[in-house]
file work10.txt (compact mmCIF, C-alpha atoms)
# COMPACT_ATOMS: atom_id res chain seq x y z
CA MET P 1 -5.42 88.89 -69.56
CA SER P 2 -6.90 90.37 -66.38
CA ALA P 3 -5.77 89.34 -62.90
CA LEU P 4 -9.06 87.49 -62.40
CA ASN P 5 -8.43 85.24 -65.39
CA ARG P 6 -4.83 84.33 -64.68
CA HIS P 7 -4.14 80.75 -63.78
CA GLN P 8 -1.04 81.65 -61.81
CA VAL P 9 -1.03 84.59 -59.41
CA ASP P 10 2.11 86.43 -60.48
CA ARG P 11 2.73 88.62 -57.46
CA GLU P 12 3.45 88.11 -53.81
CA PRO P 13 0.11 87.53 -52.07
CA LYS P 14 -1.01 90.45 -49.90
CA THR P 15 -1.70 88.00 -47.10
CA GLN P 16 2.07 87.43 -46.94
CA GLN P 17 3.30 91.01 -47.27
CA ALA P 18 2.76 92.15 -43.67
CA ILE P 19 4.11 89.11 -41.82
CA SER P 20 6.65 86.60 -43.03
CA LEU P 21 5.02 83.17 -42.55
CA PRO P 22 5.90 79.85 -44.17
CA GLN P 23 4.19 79.49 -47.53
CA GLU P 24 2.55 76.44 -49.04
CA ALA P 25 1.17 75.88 -52.51
CA CYS P 26 -2.61 76.19 -52.69
CA ALA P 27 -4.56 75.23 -55.83
CA LEU P 28 -8.07 76.68 -55.88
CA VAL P 29 -10.90 76.63 -58.42
CA VAL P 30 -12.81 79.89 -58.08
CA ASN P 31 -15.72 80.75 -60.35
CA GLY P 32 -14.60 78.00 -62.71
CA GLU P 33 -11.03 79.28 -63.02
CA PRO P 34 -8.03 77.43 -61.55
CA TYR P 35 -5.56 79.43 -59.46
CA ASN P 36 -2.19 78.37 -58.09
CA LEU P 37 -1.09 80.42 -55.11
CA SER P 38 1.43 80.26 -52.34
CA VAL P 39 -0.09 81.30 -49.01
CA PRO P 40 0.38 80.57 -45.30
CA THR P 41 -1.48 77.40 -44.29
CA GLU P 42 -3.90 79.10 -41.89
CA THR P 43 -4.95 81.83 -44.33
CA SER P 44 -8.72 82.08 -44.58
CA LEU P 45 -10.44 81.62 -47.91
CA MET P 46 -11.92 85.09 -47.55
CA HIS P 47 -8.51 86.73 -47.32
CA VAL P 48 -7.28 84.86 -50.39
CA LEU P 49 -10.43 85.74 -52.37
CA ARG P 50 -10.36 89.43 -51.46
CA ASN P 51 -6.65 90.15 -51.15
CA ASP P 52 -5.03 87.82 -53.66
CA LEU P 53 -7.74 87.23 -56.27
CA VAL P 54 -9.24 90.73 -55.91
CA LEU P 55 -12.83 89.48 -55.62
CA ASN P 56 -14.98 91.89 -53.64
CA GLY P 57 -18.16 89.82 -53.24
CA PRO P 58 -17.23 88.25 -49.90
CA LYS P 59 -17.15 90.96 -47.24
CA TYR P 60 -15.34 90.95 -43.92
CA GLY P 61 -17.98 91.29 -41.25
CA CYS P 62 -17.31 89.54 -37.96
CA GLY P 63 -14.41 87.18 -38.76
CA LEU P 64 -16.20 84.49 -36.75
CA GLY P 65 -18.55 83.01 -39.36
CA GLN P 66 -21.62 84.43 -37.64
CA CYS P 67 -22.81 87.36 -39.77
CA GLY P 68 -22.87 85.86 -43.28
CA ALA P 69 -21.20 88.76 -45.10
CA CYS P 70 -18.36 86.48 -46.30
CA THR P 71 -20.60 83.69 -47.64
CA VAL P 72 -19.42 81.74 -50.69
CA LEU P 73 -20.59 78.49 -52.24
CA ILE P 74 -18.32 75.48 -51.89
CA ASP P 75 -19.52 72.70 -54.16
CA GLY P 76 -22.87 74.53 -54.25
CA VAL P 77 -23.31 74.71 -50.47
CA ALA P 78 -23.13 78.01 -48.57
CA ALA P 79 -20.06 78.39 -46.35
CA ARG P 80 -18.47 81.21 -44.36
CA ALA P 81 -15.21 82.07 -46.11
CA CYS P 82 -13.78 83.87 -43.07
CA VAL P 83 -13.51 80.62 -41.09
CA VAL P 84 -12.62 78.23 -43.91
CA PRO P 85 -8.87 77.72 -44.41
CA ALA P 86 -8.02 78.21 -48.10
CA HIS P 87 -5.89 75.06 -48.05
CA GLY P 88 -8.92 73.07 -46.87
CA VAL P 89 -10.90 73.66 -50.05
CA GLN P 90 -8.29 72.84 -52.66
CA GLY P 91 -9.82 71.18 -55.71
CA ARG P 92 -13.39 72.04 -54.72
CA ALA P 93 -15.65 74.38 -56.71
CA ILE P 94 -15.76 77.78 -55.01
CA THR P 95 -18.32 80.29 -56.25
CA THR P 96 -18.40 83.94 -55.24
CA LEU P 97 -21.01 86.55 -56.10
CA GLU P 98 -18.88 87.48 -59.12
CA GLY P 99 -19.26 83.92 -60.44
CA LEU P 100 -23.08 83.85 -60.47
CA GLY P 101 -23.88 86.14 -63.36
CA THR P 102 -22.88 89.23 -65.28
CA ARG P 103 -24.35 92.71 -65.70
CA ASP P 104 -25.92 91.56 -68.96
CA GLN P 105 -26.95 88.07 -67.80
CA GLN P 106 -27.89 88.08 -64.12
CA HIS P 107 -28.47 84.88 -62.21
CA PRO P 108 -32.22 84.56 -61.41
CA VAL P 109 -31.51 85.20 -57.71
CA GLN P 110 -29.58 88.37 -58.51
CA LEU P 111 -32.41 89.49 -60.79
CA ALA P 112 -35.00 88.87 -58.06
CA PHE P 113 -33.02 90.96 -55.56
CA ILE P 114 -32.80 93.78 -58.11
CA GLU P 115 -36.50 93.59 -58.98
CA GLU P 116 -37.54 93.63 -55.31
CA GLN P 117 -35.04 96.41 -54.47
CA ALA P 118 -33.78 94.21 -51.65
CA ALA P 119 -30.81 96.37 -50.76
CA GLN P 120 -30.00 99.51 -48.92
CA CYS P 121 -26.29 99.71 -48.16
CA GLY P 122 -25.57 96.38 -49.89
CA TYR P 123 -23.07 95.03 -47.37
CA CYS P 124 -25.16 91.94 -46.55
CA LEU P 125 -26.23 91.22 -50.13
CA ASN P 126 -23.35 88.89 -50.96
CA GLY P 127 -24.34 86.56 -48.13
CA MET P 128 -28.08 86.91 -48.68
CA ILE P 129 -27.82 86.13 -52.40
CA LEU P 130 -25.44 83.19 -52.05
CA MET P 131 -27.43 81.74 -49.14
CA THR P 132 -30.55 82.03 -51.31
CA VAL P 133 -28.85 80.20 -54.18
CA SER P 134 -27.87 77.42 -51.79
CA LEU P 135 -31.36 77.27 -50.25
CA LEU P 136 -33.14 77.10 -53.61
CA ALA P 137 -30.79 74.37 -54.83
CA GLN P 138 -31.87 72.25 -51.85
CA ASN P 139 -35.48 73.43 -51.61
CA PRO P 140 -36.87 74.96 -54.81
CA ASP P 141 -40.17 76.04 -53.22
CA PRO P 142 -39.50 77.12 -49.62
CA THR P 143 -42.13 78.46 -47.29
CA GLU P 144 -41.62 81.86 -45.68
CA SER P 145 -40.70 80.09 -42.45
CA GLU P 146 -38.04 78.03 -44.28
CA ILE P 147 -36.69 81.20 -45.92
CA ARG P 148 -36.46 82.98 -42.57
CA HIS P 149 -34.71 79.99 -41.03
CA ALA P 150 -32.21 79.69 -43.91
CA LEU P 151 -31.35 83.40 -43.76
CA SER P 152 -31.38 83.66 -39.96
CA GLY P 153 -27.57 83.59 -39.80
CA ASN P 154 -27.20 86.44 -42.29
CA PHE P 155 -27.45 89.87 -40.73
CA CYS P 156 -28.85 92.96 -42.41
CA ARG P 157 -28.30 96.00 -40.26
CA CYS P 158 -30.32 98.29 -42.58
CA GLY P 159 -33.60 96.48 -42.01
CA THR P 160 -34.43 95.34 -45.55
CA HIS P 161 -35.60 91.93 -44.33
CA VAL P 162 -39.10 92.29 -45.80
CA GLU P 163 -37.69 93.08 -49.24
CA ILE P 164 -35.13 90.27 -48.94
CA ILE P 165 -37.83 87.71 -48.14
CA ARG P 166 -39.89 88.95 -51.10
CA ALA P 167 -36.77 88.64 -53.27
CA VAL P 168 -36.22 85.02 -52.19
CA LYS P 169 -39.85 84.19 -53.01
CA ARG P 170 -39.48 85.85 -56.41
CA ALA P 171 -36.17 84.05 -56.97
CA ALA P 172 -37.90 80.71 -56.37
CA VAL P 173 -40.43 81.56 -59.10
CA LEU P 174 -37.71 82.76 -61.48
CA MET P 175 -35.59 79.67 -60.82
CA GLN P 176 -38.59 77.42 -61.57
CA ALA P 177 -39.24 79.29 -64.83
CA HIS P 178 -35.53 79.01 -65.68
CA ARG P 179 -35.61 75.24 -65.05
CA GLU P 180 -38.74 74.84 -67.19
CA GLN P 181 -37.22 76.92 -69.97
CA SER P 182 -34.02 74.83 -69.86
CA HIS P 183 -36.08 71.62 -69.89
CA ASP P 184 -38.11 72.82 -72.91
CA LYS P 185 -34.91 73.45 -74.90
CA ARG P 186 -33.97 69.77 -74.70
call {"tool": "encode", "arguments": {"input": "work10.txt", "output": "structure tokens"}}
result
Amino acid sequence: MSALNRHQVDREPKTQQAISLPQEACALVVNGEPYNLSVPTETSLMHVLRNDLVLNGPKYGCGLGQCGACTVLIDGVAARACVVPAHGVQGRAITTLEGLGTRDQQHPVQLAFIEEQAAQCGYCLNGMILMTVSLLAQNPDPTESEIRHALSGNFCRCGTHVEIIRAVKRAAVLMQAHREQSHDKR
């Protein structure tokens, strides 16, 4: 069983290796899998996801919750993992980029970003994709202005904003088709 599928993390968390801090049990549900960890109480969700669960979707950007690189979904709503204490989201559904789809079965938002070639270096993509998933869950047919507003806190330093906005528009269409297809199967 791979480290990502284990229910109990069986090694000392990396967040604890450098500094000896008091540990507390922390039960998380990440990408549908339960994890039981022991981490310092102030450890950020991002550090647990990257260091202890070896998930590379959330990126460390600013550490202040302002750039969007560390975005995850908590109960379907976009949140900045770098400023969320891991202990504060126990029992809630946490979704990272790795939990959206697979190489063979991409989430419609991932597919739209691929089709629109909305990436250059890729560092911002985690945040852009997860923010788009959150936006489209709340507003399935956003205007360009609403898209720009929703993504305004996610920084792309490579300048692929035009492609990203096209990808969000395409994702809205793909999500609608996905909903209709799911509805027709009933």
call {"tool": "closest_atom_pairs", "arguments": {"input": "work10.txt", "of": "region 101-167 of chain P", "to": "region 62-86 of chain P", "cutoff": "7 Å", "atoms": "all atoms listed in the file", "output": "JSON lines"}}
result
{"residue": "P:Tyr123", "atom": "CA", "partner": "P:Ala69", "partner_atom": "CA", "distance": 6.9}
{"residue": "P:Cys124", "atom": "CA", "partner": "P:Ala69", "partner_atom": "CA", "distance": 5.3}
{"residue": "P:Asn126", "atom": "CA", "partner": "P:Ala69", "partner_atom": "CA", "distance": 6.2}
{"residue": "P:Gly127", "atom": "CA", "partner": "P:Thr71", "partner_atom": "CA", "distance": 4.7}
{"residue": "P:Leu130", "atom": "CA", "partner": "P:Val72", "partner_atom": "CA", "distance": 6.3}
{"residue": "P:Met131", "atom": "CA", "partner": "P:Ala78", "partner_atom": "CA", "distance": 5.7}
{"residue": "P:Ser134", "atom": "CA", "partner": "P:Val77", "partner_atom": "CA", "distance": 5.5}
{"residue": "P:Gly153", "atom": "CA", "partner": "P:Cys67", "partner_atom": "CA", "distance": 6.1}
{"residue": "P:Asn154", "atom": "CA", "partner": "P:Gly68", "partner_atom": "CA", "distance": 4.5}
{"residue": "P:Phe155", "atom": "CA", "partner": "P:Cys67", "partner_atom": "CA", "distance": 5.4}
call {"tool": "closest_residue", "arguments": {"input": "work10.txt", "among": "P:Val133, P:Met128, P:Thr41, P:Glu24", "to": "Leu100 (chain P)", "atoms": "all atoms listed in the file"}}
result
P:Val133
call {"tool": "closest_residue", "arguments": {"input": "work10.txt", "among": "P:Ala177, P:Asp184, P:Pro22, P:Gln117", "to": "Val162 (chain P)", "atoms": "all atoms listed in the file"}}
result
P:Gln117
call {"tool": "closest_residue", "arguments": {"input": "work10.txt", "among": "P:Val39, P:Val109, P:Arg170, P:Gly91", "to": "Asp141 (chain P)", "atoms": "only C-alpha atoms"}}
result
P:Arg170
call {"tool": "residues_around", "arguments": {"input": "work10.txt", "residues": "Gly122 (chain P)", "least_positions_apart": "6", "cutoff": "12 Å", "atoms": "only C-alpha atoms", "output": "VMD selection string"}}
result
chain P and resid 57 to 59 69 113 to 114 128 to 129 155 to 160 164
